[in-house]
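K.L.:
Input: one structure, supplied below.
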Amino acid sequence: MKIKLVVGLGNPGKAYNNTRHNMGFRVIDEIAKRLDVYKFKEKDGAIYFDTYLDLCHVLFLKPQKYINLSGEVMIDFVRYLDIKLEDILVISDDLDLPVGTMKLKEKGSSGGHNGLKNIEENLGTNEYKRIKIGISNDKNIDTKDYVLGKLTKEEKKKIDPIIEKAADAVLESFHTPFNELMSKYNVKIKN
């Protein structure tokens, strides 16, 4: 049976809850809630749960090293379980997308995201699927401080529905071709 891996990026620990960098963790938590999963397992620097969806064995992973070391954690699971590149989906935040938007991509550069950069280094390629959740960018704040900053009430209002939409997309990805999901979920924003 095929094993699929969904990795949500974020920083571990209570101090990082509700920060802009933890969008991947939030999507994994939303999926866990929908699937009535209340306890994560722990192994090799990650917490995870696994389940069977649409005839696939799926592992939902939250690396527990800092975000810029996500690839080091993920690669152990990829090797141990012999997971194919086309069966990997990574969820992260994205500074270049406006708050309240998301984008599905089949491959591409890390866009300066250190977590994605580390995954690319460890996988040896950037050809893996991803869902990017917009956190916008405030050029008046140092990037590191911005991504580690807490969401404002306004941002939260826009991001909460996107977390739900991203969870929808992940759950659909097990029975819908990714290019169809991209057509469905990559909607241009009207200003």
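Going by the structure tokens order, chains are called A, B, ..., each with residues numbered from 1, while ligands are numbered from 1 in the order shown.
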Would you list the contacts of region 60-67 of chain A as number ranges by chain, taking every protein, DNA or RNA residue within 7 Å and counting only C-alpha atoms, but skipping same-chain residues closer than 4 positions in sequence?

P.N.:
A: 5-12, 25, 28, 45-50, 73, 115

K.L.:
Output N, CA and C atoms of each residue in that selection to a file, as a short mmCIF file (atom, residue, chain, number, x, y, z; two decimals), in the first residue's frame.

P.N.:
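Wrote it out as selection37.cif, contents follow:
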data_model
loop_
_atom_site.label_atom_id
_atom_site.label_comp_id
_atom_site.auth_asym_id
_atom_site.auth_seq_id
_atom_site.Cartn_x
_atom_site.Cartn_y
_atom_site.Cartn_z
N LEU A 5 2.94 11.27 2.70
CA LEU A 5 3.45 12.07 3.80
C LEU A 5 2.99 13.52 3.65
N VAL A 6 2.33 14.03 4.67
CA VAL A 6 1.93 15.44 4.70
C VAL A 6 2.69 16.09 5.85
N VAL A 7 3.50 17.10 5.52
CA VAL A 7 4.33 17.75 6.53
C VAL A 7 3.87 19.19 6.71
N GLY A 8 3.53 19.54 7.94
CA GLY A 8 3.18 20.93 8.25
C GLY A 8 4.37 21.58 8.93
N LEU A 9 4.79 22.74 8.43
CA LEU A 9 5.96 23.41 9.01
C LEU A 9 5.55 24.40 10.10
N GLY A 10 6.43 24.50 11.09
CA GLY A 10 6.22 25.43 12.19
C GLY A 10 7.34 25.26 13.19
N ASN A 11 7.30 26.05 14.25
CA ASN A 11 8.27 25.93 15.34
C ASN A 11 7.58 25.29 16.53
N PRO A 12 8.26 24.34 17.19
CA PRO A 12 7.64 23.68 18.34
C PRO A 12 7.63 24.57 19.58
N PHE A 25 1.67 23.85 10.93
CA PHE A 25 1.20 23.17 12.15
C PHE A 25 -0.31 23.33 12.30
N ILE A 28 -2.24 20.98 10.01
CA ILE A 28 -2.19 19.59 10.52
C ILE A 28 -3.14 19.45 11.71
N GLY A 45 12.28 13.05 16.33
CA GLY A 45 12.23 14.51 16.24
C GLY A 45 10.95 15.06 15.64
N ALA A 46 9.88 14.27 15.68
CA ALA A 46 8.60 14.74 15.13
C ALA A 46 7.45 14.22 15.98
N ILE A 47 6.34 14.93 15.90
CA ILE A 47 5.09 14.35 16.38
C ILE A 47 4.22 14.14 15.15
N TYR A 48 3.43 13.06 15.17
CA TYR A 48 2.67 12.72 13.97
C TYR A 48 1.47 11.86 14.35
N PHE A 49 0.56 11.75 13.40
CA PHE A 49 -0.46 10.71 13.49
C PHE A 49 -0.58 10.11 12.10
N ASP A 50 -1.07 8.88 12.04
CA ASP A 50 -1.26 8.27 10.73
C ASP A 50 -2.64 7.64 10.67
N VAL A 73 14.40 16.41 9.80
CA VAL A 73 13.44 15.52 10.47
C VAL A 73 12.69 14.70 9.42
N GLY A 115 12.73 26.81 6.01
CA GLY A 115 12.21 25.45 6.18
C GLY A 115 12.18 24.72 4.85
#

K.L.:
Each residue of region 76-140 of chain A lying at most 9 Å from region 157-171 of chain A should get a row with its shortest atom-to-atom pair and the distance in Å to one decimal, counting only C-alpha atoms; could you produce that, ordered by chain and increasing number, as CSV?

P.N.:
residue,atom,partner,partner_atom,distance
A:Leu89,CA,A:Val170,CA,8.2
A:Ile91,CA,A:Ala166,CA,8.6
A:Val99,CA,A:Ile159,CA,6.5
A:Gly100,CA,A:Lys158,CA,4.7
A:Thr101,CA,A:Ile162,CA,6.5
A:Met102,CA,A:Ile162,CA,6.9
A:Leu104,CA,A:Ala169,CA,8.9
A:Ile131,CA,A:Ala166,CA,7.3
A:Lys132,CA,A:Ala166,CA,8.8
A:Ile133,CA,A:Ile162,CA,7.5
A:Gly134,CA,A:Ile159,CA,8.2
A:Ile135,CA,A:Ile159,CA,8.2

K.L.:
Of the candidates A:His57, A:Lys156, A:Arg20, A:Arg79, which shows the shortest atom-to-atom distance to Lys2 (chain A), using only C-alpha atoms?

P.N.:
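Result for the nearest residue to Lys2 (chain A): A:His57.
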
K.L.:
Show which residues sit within 12 Å of Gly124 (chain A), as a list in words. Count only C-alpha atoms, and ignore same-chain residues fewer than 3 positions away.

P.N.:
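My list of contacting residues is Gly71, Glu72, Ile75, Leu85, Leu116, Lys117, Asn118, Ile119, Glu120, Glu121, Glu127 and Tyr128 of chain A.
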
K.L.:
Rank nothing, just name the residue among A:Met23, A:Ile88, A:Leu95, A:Val147 nearest to Gly112 (chain A), using only C-alpha atoms.

P.N.:
A:Leu95

K.L.:
Mind giving me the straight-line distance from CA of Leu53 (chain A) to CA of Val37 (chain A) in Å, one decimal?

P.N.:
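Here the two named atoms are 13.7 Å from each other.
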
K.L.:
Mind the document's chain letters and residue numbers, and return as a PDB file with N, CA and C atoms, in the first residue's frame the residues of region 15-82 of chain A that DSSP labels strand (DSSP E).

P.N.:
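Output (part26.pdb):
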ATOM      1  N   LYS A  41       1.618  10.747  18.017  1.00  0.00           N
ATOM      2  CA  LYS A  41       2.721   9.867  18.403  1.00  0.00           C
ATOM      3  C   LYS A  41       4.013  10.677  18.291  1.00  0.00           C
ATOM      4  N   GLU A  42       5.066  10.157  18.917  1.00  0.00           N
ATOM      5  CA  GLU A  42       6.344  10.860  18.877  1.00  0.00           C
ATOM      6  C   GLU A  42       7.429   9.932  18.357  1.00  0.00           C
ATOM      7  N   LYS A  43       8.253  10.425  17.418  1.00  0.00           N
ATOM      8  CA  LYS A  43       9.332   9.592  16.876  1.00  0.00           C
ATOM      9  C   LYS A  43      10.308  10.466  16.091  1.00  0.00           C
ATOM     10  N   ALA A  46       9.879  14.268  15.684  1.00  0.00           N
ATOM     11  CA  ALA A  46       8.603  14.743  15.127  1.00  0.00           C
ATOM     12  C   ALA A  46       7.448  14.224  15.976  1.00  0.00           C
ATOM     13  N   ILE A  47       6.335  14.931  15.901  1.00  0.00           N
ATOM     14  CA  ILE A  47       5.088  14.354  16.383  1.00  0.00           C
ATOM     15  C   ILE A  47       4.223  14.136  15.151  1.00  0.00           C
ATOM     16  N   TYR A  48       3.432  13.063  15.171  1.00  0.00           N
ATOM     17  CA  TYR A  48       2.672  12.719  13.974  1.00  0.00           C
ATOM     18  C   TYR A  48       1.469  11.862  14.348  1.00  0.00           C
ATOM     19  N   PHE A  49       0.563  11.747  13.400  1.00  0.00           N
ATOM     20  CA  PHE A  49      -0.461  10.709  13.485  1.00  0.00           C
ATOM     21  C   PHE A  49      -0.585  10.110  12.104  1.00  0.00           C
ATOM     22  N   ASP A  50      -1.073   8.883  12.037  1.00  0.00           N
ATOM     23  CA  ASP A  50      -1.259   8.274  10.730  1.00  0.00           C
ATOM     24  C   ASP A  50      -2.640   7.642  10.671  1.00  0.00           C
ATOM     25  N   THR A  51      -3.149   7.547   9.463  1.00  0.00           N
ATOM     26  CA  THR A  51      -4.493   7.024   9.257  1.00  0.00           C
ATOM     27  C   THR A  51      -4.606   6.511   7.828  1.00  0.00           C
ATOM     28  N   TYR A  52      -5.730   5.902   7.520  1.00  0.00           N
ATOM     29  CA  TYR A  52      -5.975   5.412   6.161  1.00  0.00           C
ATOM     30  C   TYR A  52      -7.062   6.260   5.524  1.00  0.00           C
ATOM     31  N   LEU A  53      -6.739   6.842   4.370  1.00  0.00           N
ATOM     32  CA  LEU A  53      -7.688   7.685   3.640  1.00  0.00           C
ATOM     33  C   LEU A  53      -7.639   7.303   2.173  1.00  0.00           C
ATOM     34  N   CYS A  56      -5.043   4.917   0.976  1.00  0.00           N
ATOM     35  CA  CYS A  56      -3.645   5.304   1.202  1.00  0.00           C
ATOM     36  C   CYS A  56      -3.374   5.294   2.696  1.00  0.00           C
ATOM     37  N   HIS A  57      -2.161   4.921   3.054  1.00  0.00           N
ATOM     38  CA  HIS A  57      -1.698   5.069   4.423  1.00  0.00           C
ATOM     39  C   HIS A  57      -1.061   6.462   4.475  1.00  0.00           C
ATOM     40  N   VAL A  58      -1.595   7.357   5.292  1.00  0.00           N
ATOM     41  CA  VAL A  58      -1.124   8.746   5.309  1.00  0.00           C
ATOM     42  C   VAL A  58      -0.542   9.097   6.669  1.00  0.00           C
ATOM     43  N   LEU A  59       0.624   9.703   6.614  1.00  0.00           N
ATOM     44  CA  LEU A  59       1.314  10.169   7.814  1.00  0.00           C
ATOM     45  C   LEU A  59       1.243  11.696   7.830  1.00  0.00           C
ATOM     46  N   PHE A  60       0.727  12.263   8.913  1.00  0.00           N
ATOM     47  CA  PHE A  60       0.663  13.721   9.079  1.00  0.00           C
ATOM     48  C   PHE A  60       1.715  14.107  10.113  1.00  0.00           C
ATOM     49  N   LEU A  61       2.688  14.897   9.685  1.00  0.00           N
ATOM     50  CA  LEU A  61       3.901  15.112  10.472  1.00  0.00           C
ATOM     51  C   LEU A  61       4.105  16.581  10.849  1.00  0.00           C
ATOM     52  N   LYS A  62       4.484  16.804  12.115  1.00  0.00           N
ATOM     53  CA  LYS A  62       4.903  18.136  12.570  1.00  0.00           C
ATOM     54  C   LYS A  62       6.327  18.008  13.123  1.00  0.00           C
ATOM     55  N   PRO A  63       7.350  18.409  12.336  1.00  0.00           N
ATOM     56  CA  PRO A  63       8.728  18.323  12.840  1.00  0.00           C
ATOM     57  C   PRO A  63       8.873  19.137  14.129  1.00  0.00           C
TER      58      PRO A  63
END

K.L.:
Region 9-184 of chain A: which residues are helix (DSSP H, G or I) by DSSP, as a compact mmCIF listing (two decimals) with C-alpha atoms, in the first residue's frame?

P.N.:
# COMPACT_ATOMS: atom_id res chain seq x y z
CA LYS A 14 3.93 27.14 23.25
CA ALA A 15 5.88 30.35 22.65
CA TYR A 16 5.37 29.90 18.90
CA ARG A 20 2.91 33.65 11.38
CA HIS A 21 5.53 30.93 10.83
CA ASN A 22 3.28 28.16 12.20
CA MET A 23 0.69 27.89 9.42
CA GLY A 24 1.72 24.32 8.56
CA PHE A 25 1.20 23.17 12.15
CA ARG A 26 -2.22 24.82 12.20
CA VAL A 27 -3.37 22.94 9.09
CA ILE A 28 -2.19 19.59 10.52
CA ASP A 29 -4.05 20.40 13.76
CA GLU A 30 -7.21 21.26 11.81
CA ILE A 31 -7.02 17.92 9.97
CA ALA A 32 -6.44 16.07 13.25
CA LYS A 33 -9.55 17.74 14.69
CA ARG A 34 -11.66 16.70 11.68
CA ILE A 67 11.54 25.29 11.22
CA ASN A 68 14.88 25.76 9.42
CA LEU A 69 15.73 22.11 10.24
CA SER A 70 12.42 20.64 9.03
CA GLY A 71 14.07 18.72 6.18
CA GLU A 72 16.43 16.91 8.58
CA VAL A 73 13.44 15.52 10.47
CA MET A 74 11.37 14.77 7.38
CA ILE A 75 14.12 12.90 5.49
CA ASP A 76 14.30 10.20 8.20
CA PHE A 77 10.63 9.35 7.60
CA VAL A 78 11.01 9.53 3.82
CA ARG A 79 13.94 7.07 3.87
CA TYR A 80 12.60 4.74 6.56
CA LEU A 81 9.17 4.40 4.94
CA LEU A 85 8.59 12.28 -4.03
CA GLU A 86 5.17 12.43 -5.66
CA ASP A 87 3.63 11.29 -2.36
CA ASN A 114 14.44 28.45 5.39
CA GLY A 115 12.21 25.45 6.18
CA LEU A 116 11.60 24.79 2.47
CA LYS A 117 15.29 25.40 1.73
CA ASN A 118 16.24 22.71 4.27
CA ILE A 119 13.69 20.28 2.82
CA GLU A 120 15.06 20.89 -0.68
CA GLU A 121 18.64 20.26 0.55
CA ASN A 122 17.64 17.02 2.27
CA LEU A 123 15.46 15.71 -0.58
CA THR A 143 11.72 39.43 8.52
CA LYS A 144 12.73 37.12 11.39
CA ASP A 145 10.76 39.19 13.92
CA TYR A 146 7.81 39.39 11.55
CA VAL A 147 7.47 35.64 10.89
CA LYS A 153 -6.87 39.93 15.39
CA GLU A 154 -7.40 41.15 11.82
CA GLU A 155 -4.94 38.62 10.38
CA LYS A 156 -6.48 35.81 12.42
CA LYS A 157 -9.92 36.65 11.01
CA LYS A 158 -8.57 36.26 7.46
CA ILE A 159 -6.29 33.28 8.13
CA ASP A 160 -8.70 31.01 10.03
CA PRO A 161 -10.89 30.33 6.94
CA ILE A 162 -7.73 29.71 4.85
CA ILE A 163 -6.50 27.12 7.36
CA GLU A 164 -9.83 25.33 6.86
CA LYS A 165 -9.55 25.61 3.09
CA ALA A 166 -6.00 24.26 3.15
CA ALA A 167 -7.22 21.30 5.24
CA ASP A 168 -9.95 20.72 2.62
CA ALA A 169 -7.32 20.73 -0.14
CA VAL A 170 -5.07 18.28 1.73
CA LEU A 171 -7.93 15.86 2.35
CA GLU A 172 -9.06 16.11 -1.27
CA PHE A 178 -3.07 17.82 -7.86
CA ASN A 179 -3.44 19.89 -11.07
CA GLU A 180 -7.22 19.82 -10.56
CA LEU A 181 -6.77 20.97 -6.97
CA MET A 182 -4.56 23.82 -8.18
CA SER A 183 -7.30 24.95 -10.59
CA LYS A 184 -9.88 24.78 -7.81

K.L.:
Smallest atom-to-atom distance to Lys105 (chain A): which of A:Asn186, A:Asn18, A:Ser173, A:Thr125, using only C-alpha atoms?

P.N.:
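Once distances to Lys105 (chain A) are computed over only C-alpha atoms, the minimum belongs to A:Asn186.
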
K.L.:
Hey, which of A:Gly149, A:Gly108, A:Gly13, A:Pro98 ends up closest to Asn137 (chain A)? Count only C-alpha atoms.

P.N.:
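Among A:Gly149, A:Gly108, A:Gly13, A:Pro98, it is A:Pro98 that comes nearest to Asn137 (chain A).
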